[in-house]
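Pasting final-v8.txt here (compact mmCIF, C-alpha atoms):
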# COMPACT_ATOMS: atom_id res chain seq x y z
CA MET A 133 35.96 -24.85 -42.90
CA THR A 134 34.23 -27.85 -41.38
CA GLY A 135 30.68 -27.68 -40.05
CA ASP A 136 31.79 -28.35 -36.47
CA ARG A 137 34.35 -25.59 -36.53
CA ARG A 138 31.87 -23.12 -38.06
CA ALA A 139 29.31 -24.00 -35.36
CA TRP A 140 31.92 -23.40 -32.64
CA ILE A 141 32.89 -20.03 -34.10
CA ILE A 142 29.27 -18.91 -34.50
CA GLY A 143 28.45 -20.13 -30.99
CA GLY A 144 31.49 -18.36 -29.55
CA VAL A 145 30.65 -15.08 -31.28
CA GLY A 146 27.04 -15.37 -30.07
CA ALA A 147 28.16 -16.05 -26.51
CA LEU A 148 30.51 -13.06 -26.57
CA ALA A 149 27.72 -10.83 -27.90
CA ALA A 150 25.36 -12.03 -25.16
CA LEU A 151 28.03 -11.48 -22.52
CA ALA A 152 28.74 -7.96 -23.81
CA GLY A 153 25.01 -7.15 -23.78
CA ALA A 154 24.59 -8.46 -20.24
CA TRP A 155 27.62 -6.49 -19.03
CA SER A 156 26.29 -3.32 -20.68
CA ALA A 157 22.86 -3.76 -19.06
CA TRP A 158 24.44 -4.41 -15.67
CA ARG A 159 26.55 -1.25 -15.94
CA ARG A 160 23.51 0.87 -16.84
CA HIS A 161 21.38 -0.41 -13.97
CA SER A 162 23.88 -1.08 -11.22
CA VAL A 163 23.85 1.15 -8.17
CA PRO A 164 26.92 3.38 -8.13
CA ALA A 165 29.03 3.15 -5.03
CA ALA A 166 28.14 5.82 -2.56
CA PRO A 167 30.88 8.40 -2.31
CA ALA A 168 32.55 8.98 1.00
CA LEU A 169 30.53 11.53 2.90
CA ALA A 170 32.34 14.83 2.90
CA ALA A 171 32.65 16.44 6.32
CA PRO A 172 30.66 19.54 5.29
CA ASP A 173 27.69 17.35 4.27
CA ALA A 174 27.77 15.39 7.53
CA ASN A 175 28.06 18.59 9.55
CA ARG A 176 25.08 20.12 7.74
CA LEU A 177 22.84 17.33 9.04
CA TRP A 178 23.31 18.55 12.61
CA LEU A 179 22.14 22.05 11.62
CA LEU A 180 18.74 20.88 10.39
CA ARG A 181 15.39 21.28 12.11
CA PHE A 182 12.24 19.29 11.41
CA GLU A 183 8.59 19.64 12.32
CA ARG A 184 7.20 16.91 14.61
CA PRO A 185 3.90 15.23 13.63
CA GLU A 186 2.47 15.96 17.09
CA GLY A 187 3.66 19.57 16.94
CA GLY A 188 6.87 21.23 17.93
CA GLU A 189 10.28 20.99 16.39
CA LEU A 190 13.07 18.43 16.37
CA VAL A 191 16.53 20.05 16.37
CA MET A 192 19.18 17.69 15.01
CA GLU A 193 21.95 19.39 17.00
CA GLN A 194 20.37 17.94 20.15
CA TRP A 195 20.89 14.42 18.75
CA GLN A 196 24.68 14.64 18.68
CA GLY A 197 26.91 12.87 21.18
CA LYS A 198 25.25 9.43 21.18
CA PRO A 199 25.09 6.67 18.58
CA LEU A 200 22.17 7.36 16.25
CA LEU A 201 20.22 5.37 13.68
CA ILE A 202 18.19 7.48 11.27
CA ASN A 203 15.60 5.69 9.16
CA PHE A 204 14.13 7.56 6.19
CA TRP A 205 10.70 6.19 5.35
CA ALA A 206 7.27 7.02 3.93
CA THR A 207 3.72 5.77 4.43
CA TRP A 208 3.42 4.95 0.71
CA CYS A 209 6.56 2.73 0.76
CA PRO A 210 5.70 -0.97 1.46
CA PRO A 211 9.26 -2.01 2.46
CA CYS A 212 9.38 0.99 4.82
CA ILE A 213 6.20 -0.11 6.58
CA THR A 214 7.37 -3.73 6.70
CA GLU A 215 10.64 -2.83 8.45
CA LEU A 216 9.16 -0.44 11.05
CA PRO A 217 8.30 -3.15 13.65
CA GLU A 218 11.91 -4.40 13.57
CA ILE A 219 13.26 -0.87 13.80
CA ASN A 220 10.92 -0.30 16.73
CA ARG A 221 12.31 -3.40 18.51
CA PHE A 222 15.83 -2.23 17.75
CA ALA A 223 15.05 1.24 19.14
CA LEU A 224 14.12 -0.27 22.51
CA GLU A 225 17.31 -2.39 22.61
CA PHE A 226 19.56 0.39 21.33
CA ALA A 227 18.27 2.82 23.98
CA GLN A 228 19.50 0.42 26.69
CA GLN A 229 22.98 0.68 25.11
CA GLY A 230 22.88 4.48 25.04
CA GLY A 231 21.85 4.75 21.40
CA ARG A 232 18.97 6.59 19.77
CA VAL A 233 16.71 5.96 16.79
CA LEU A 234 15.00 8.64 14.74
CA GLY A 235 12.52 8.20 11.91
CA LEU A 236 12.48 10.91 9.24
CA ALA A 237 9.33 10.71 7.14
CA VAL A 238 9.76 11.70 3.49
CA ASP A 239 6.04 12.18 3.15
CA ARG A 240 3.12 14.55 3.57
CA PRO A 241 2.48 15.57 7.19
CA GLU A 242 -1.19 14.52 7.11
CA SER A 243 -0.29 11.03 5.83
CA VAL A 244 2.29 10.58 8.60
CA ARG A 245 -0.11 11.81 11.29
CA GLU A 246 -2.82 9.43 10.08
CA PHE A 247 -0.37 6.51 10.01
CA LEU A 248 0.95 7.26 13.51
CA GLY A 249 -2.65 7.37 14.74
CA ARG A 250 -2.94 3.69 13.79
CA VAL A 251 0.60 2.42 14.46
CA LYS A 252 2.46 2.92 17.74
CA LEU A 253 6.20 3.53 17.43
CA ASP A 254 8.49 3.88 20.44
CA PHE A 255 10.98 6.18 18.73
CA PRO A 256 10.62 9.80 17.63
CA ILE A 257 9.39 10.67 14.16
CA ALA A 258 10.02 13.96 12.39
CA LEU A 259 8.76 15.29 9.07
CA ALA A 260 11.49 15.65 6.45
CA GLY A 261 9.07 16.18 3.55
CA LEU A 262 10.58 16.41 0.08
CA GLU A 263 13.78 17.84 1.60
CA GLY A 264 14.36 14.33 2.92
CA THR A 265 15.24 13.15 -0.59
CA ASP A 266 18.02 15.73 -0.80
CA ILE A 267 19.27 14.78 2.66
CA ILE A 268 19.51 11.08 1.84
CA ARG A 269 21.36 11.87 -1.38
CA ARG A 270 23.89 13.89 0.63
CA LEU A 271 24.19 10.89 2.95
CA GLY A 272 25.22 8.58 0.11
CA ASN A 273 21.94 7.31 -1.41
CA LEU A 274 22.35 8.75 -4.89
CA GLN A 275 18.99 7.40 -6.10
CA GLY A 276 17.08 8.98 -3.23
CA ALA A 277 15.21 5.67 -2.80
CA LEU A 278 13.38 4.52 0.33
CA PRO A 279 13.75 3.04 2.81
CA TYR A 280 17.21 4.30 3.69
CA SER A 281 18.96 3.86 7.02
CA VAL A 282 22.15 5.44 8.31
CA MET A 283 23.98 4.93 11.59
CA PHE A 284 26.28 7.48 13.19
CA ASP A 285 28.68 6.83 16.04
CA ALA A 286 28.81 9.03 19.15
CA ARG A 287 31.26 11.40 17.39
CA GLY A 288 28.73 12.00 14.61
CA GLU A 289 30.65 10.01 12.00
CA LEU A 290 28.61 8.03 9.48
CA ARG A 291 29.46 4.37 10.06
CA HIS A 292 26.75 2.39 8.25
CA ARG A 293 24.21 3.01 5.52
CA LYS A 294 21.76 0.88 3.60
CA MET A 295 19.26 1.51 0.85
CA GLY A 296 16.44 -1.00 1.16
CA GLN A 297 14.71 -2.82 3.95
CA THR A 298 16.75 -3.47 7.09
CA HIS A 299 16.33 -6.30 9.57
CA LEU A 300 16.78 -6.47 13.32
CA GLY A 301 19.87 -8.71 13.14
CA GLU A 302 21.55 -6.35 10.71
CA LEU A 303 20.91 -3.33 12.93
CA GLN A 304 22.21 -5.25 15.95
CA GLN A 305 25.42 -5.99 14.02
CA TRP A 306 25.79 -2.32 13.15
CA ALA A 307 25.38 -1.36 16.81
CA ALA A 308 27.95 -3.98 17.84
CA THR A 309 30.56 -2.36 15.58
CA LEU A 310 30.11 0.90 17.46
CA ARG A 311 31.00 -0.83 20.73
CA ALA A 312 34.00 -2.68 19.29

Mind turning this structure into structure tokens?
Amino acid sequence: MTGDRRAWIIGGVGALAALAGAWSAWRRHSVPAAPALAAPDANRLWLLRFERPEGGELVMEQWQGKPLLINFWATWCPPCITELPEINRFALEFAQQGGRVLGLAVDRPESVREFLGRVKLDFPIALAGLEGTDIIRRLGNLQGALPYSVMFDARGELRHRKMGQTHLGELQQWAATLRA
């Protein structure tokens, strides 16, 4: 076997090994596709009740019948805090189109109250606590990571979801699909 041919064979085997290793790592760390939300899981959302930071209770059943964006966030989550001003702007726009925005804090009540004492938001916030992680998993975020946003149409059907920071333009596009 000539030296050039041996080099090509060794290089090819090395490249295949590297490719196989990269594929294996990608498979281990890739985010699995969110399963389609089963009707019983979606319906359970509307049965939930949450404490409000200012007192009182938020009843999800009262949020049915209009398009709804729910943003799951926490005070200890930097991307959550970064996206809140854009979600706040979207909430004001979406309200003019008949939509609603709700923030569900997956956090300790005292941390949320302290945060809201410093930051003004023009949309309602409720306290999901640790139960929020289970809720977002049932809504398709298998990792339970924050931030997580979901948008429902007026019939209560889940139309959009995103794990990670959202942006105003993206939310506006989501809302436009509900009108189409």

- Message: Please determine, counting only C-alpha atoms, which residue among A:Arg221, A:Arg250, A:Lys294, A:Arg137 has the shortest atom-to-atom distance to Asn203 in chain A.
- Response: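 Ranking A:Arg221, A:Arg250, A:Lys294, A:Arg137 by distance to Asn203 in chain A, first place goes to A:Lys294.
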
- Could you name the residues that touch range 262-267 of chain A at 12 Å or less, counting only C-alpha atoms, but leaving out those on the same chain fewer than 5 positions away, as a ChimeraX atom specification? /A:169,173-182,202-206,235-241,272-282

- Query: Please, what distance in Å, to one decimal, runs between CA of Pro210 in chain A and CA of Pro185 in chain A?
  - Reply: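 Calculated distance between CA of Pro210 in chain A and CA of Pro185 in chain A is 20.3 Å.
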
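Take the candidates A:Leu216, A:Ala308, A:Val233, A:Leu253 and check each one against Gln196 in chain A using all atoms listed in the file; the shortest distance goes to A:Val233.
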
- Task: Choose the residue, out of A:Thr214, A:Gln194, A:Thr134, A:Thr207, that has the smallest atom-to-atom separation from Thr298 in chain A; count all atoms listed in the file.
- Result: A:Thr214

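Of the listed residues A:Ile219, A:Glu242, A:Gln229, A:Cys212, the one whose atoms come nearest to Met295 in chain A is A:Cys212, with distances taken using all atoms listed in the file.
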
- Task: Please measure the separation of CA of Val244 in chain A and CA of Glu186 in chain A, giving the value in Å to one decimal.
- Result: 10.1 Å

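Residues in contact range of Asp285 in chain A, defined as at most 12 Å between all atoms listed in the file, with sequence neighbours fewer than 4 positions away removed, read Trp195, Gln196, Gly197, Lys198, Pro199, Leu200, Leu201, Ile202, Gly230, Gly231, Arg232, Glu289, Leu290, Arg291, His292, Trp306, Ala307, Ala308, Thr309, Leu310, Arg311 and Ala312 of chain A.
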
- Message: From the options A:Ala260, A:Phe226, A:Gln304, A:Ile268, which residue's atoms come nearest to Glu189 in chain A, counting all atoms listed in the file?
- Response: A:Ala260
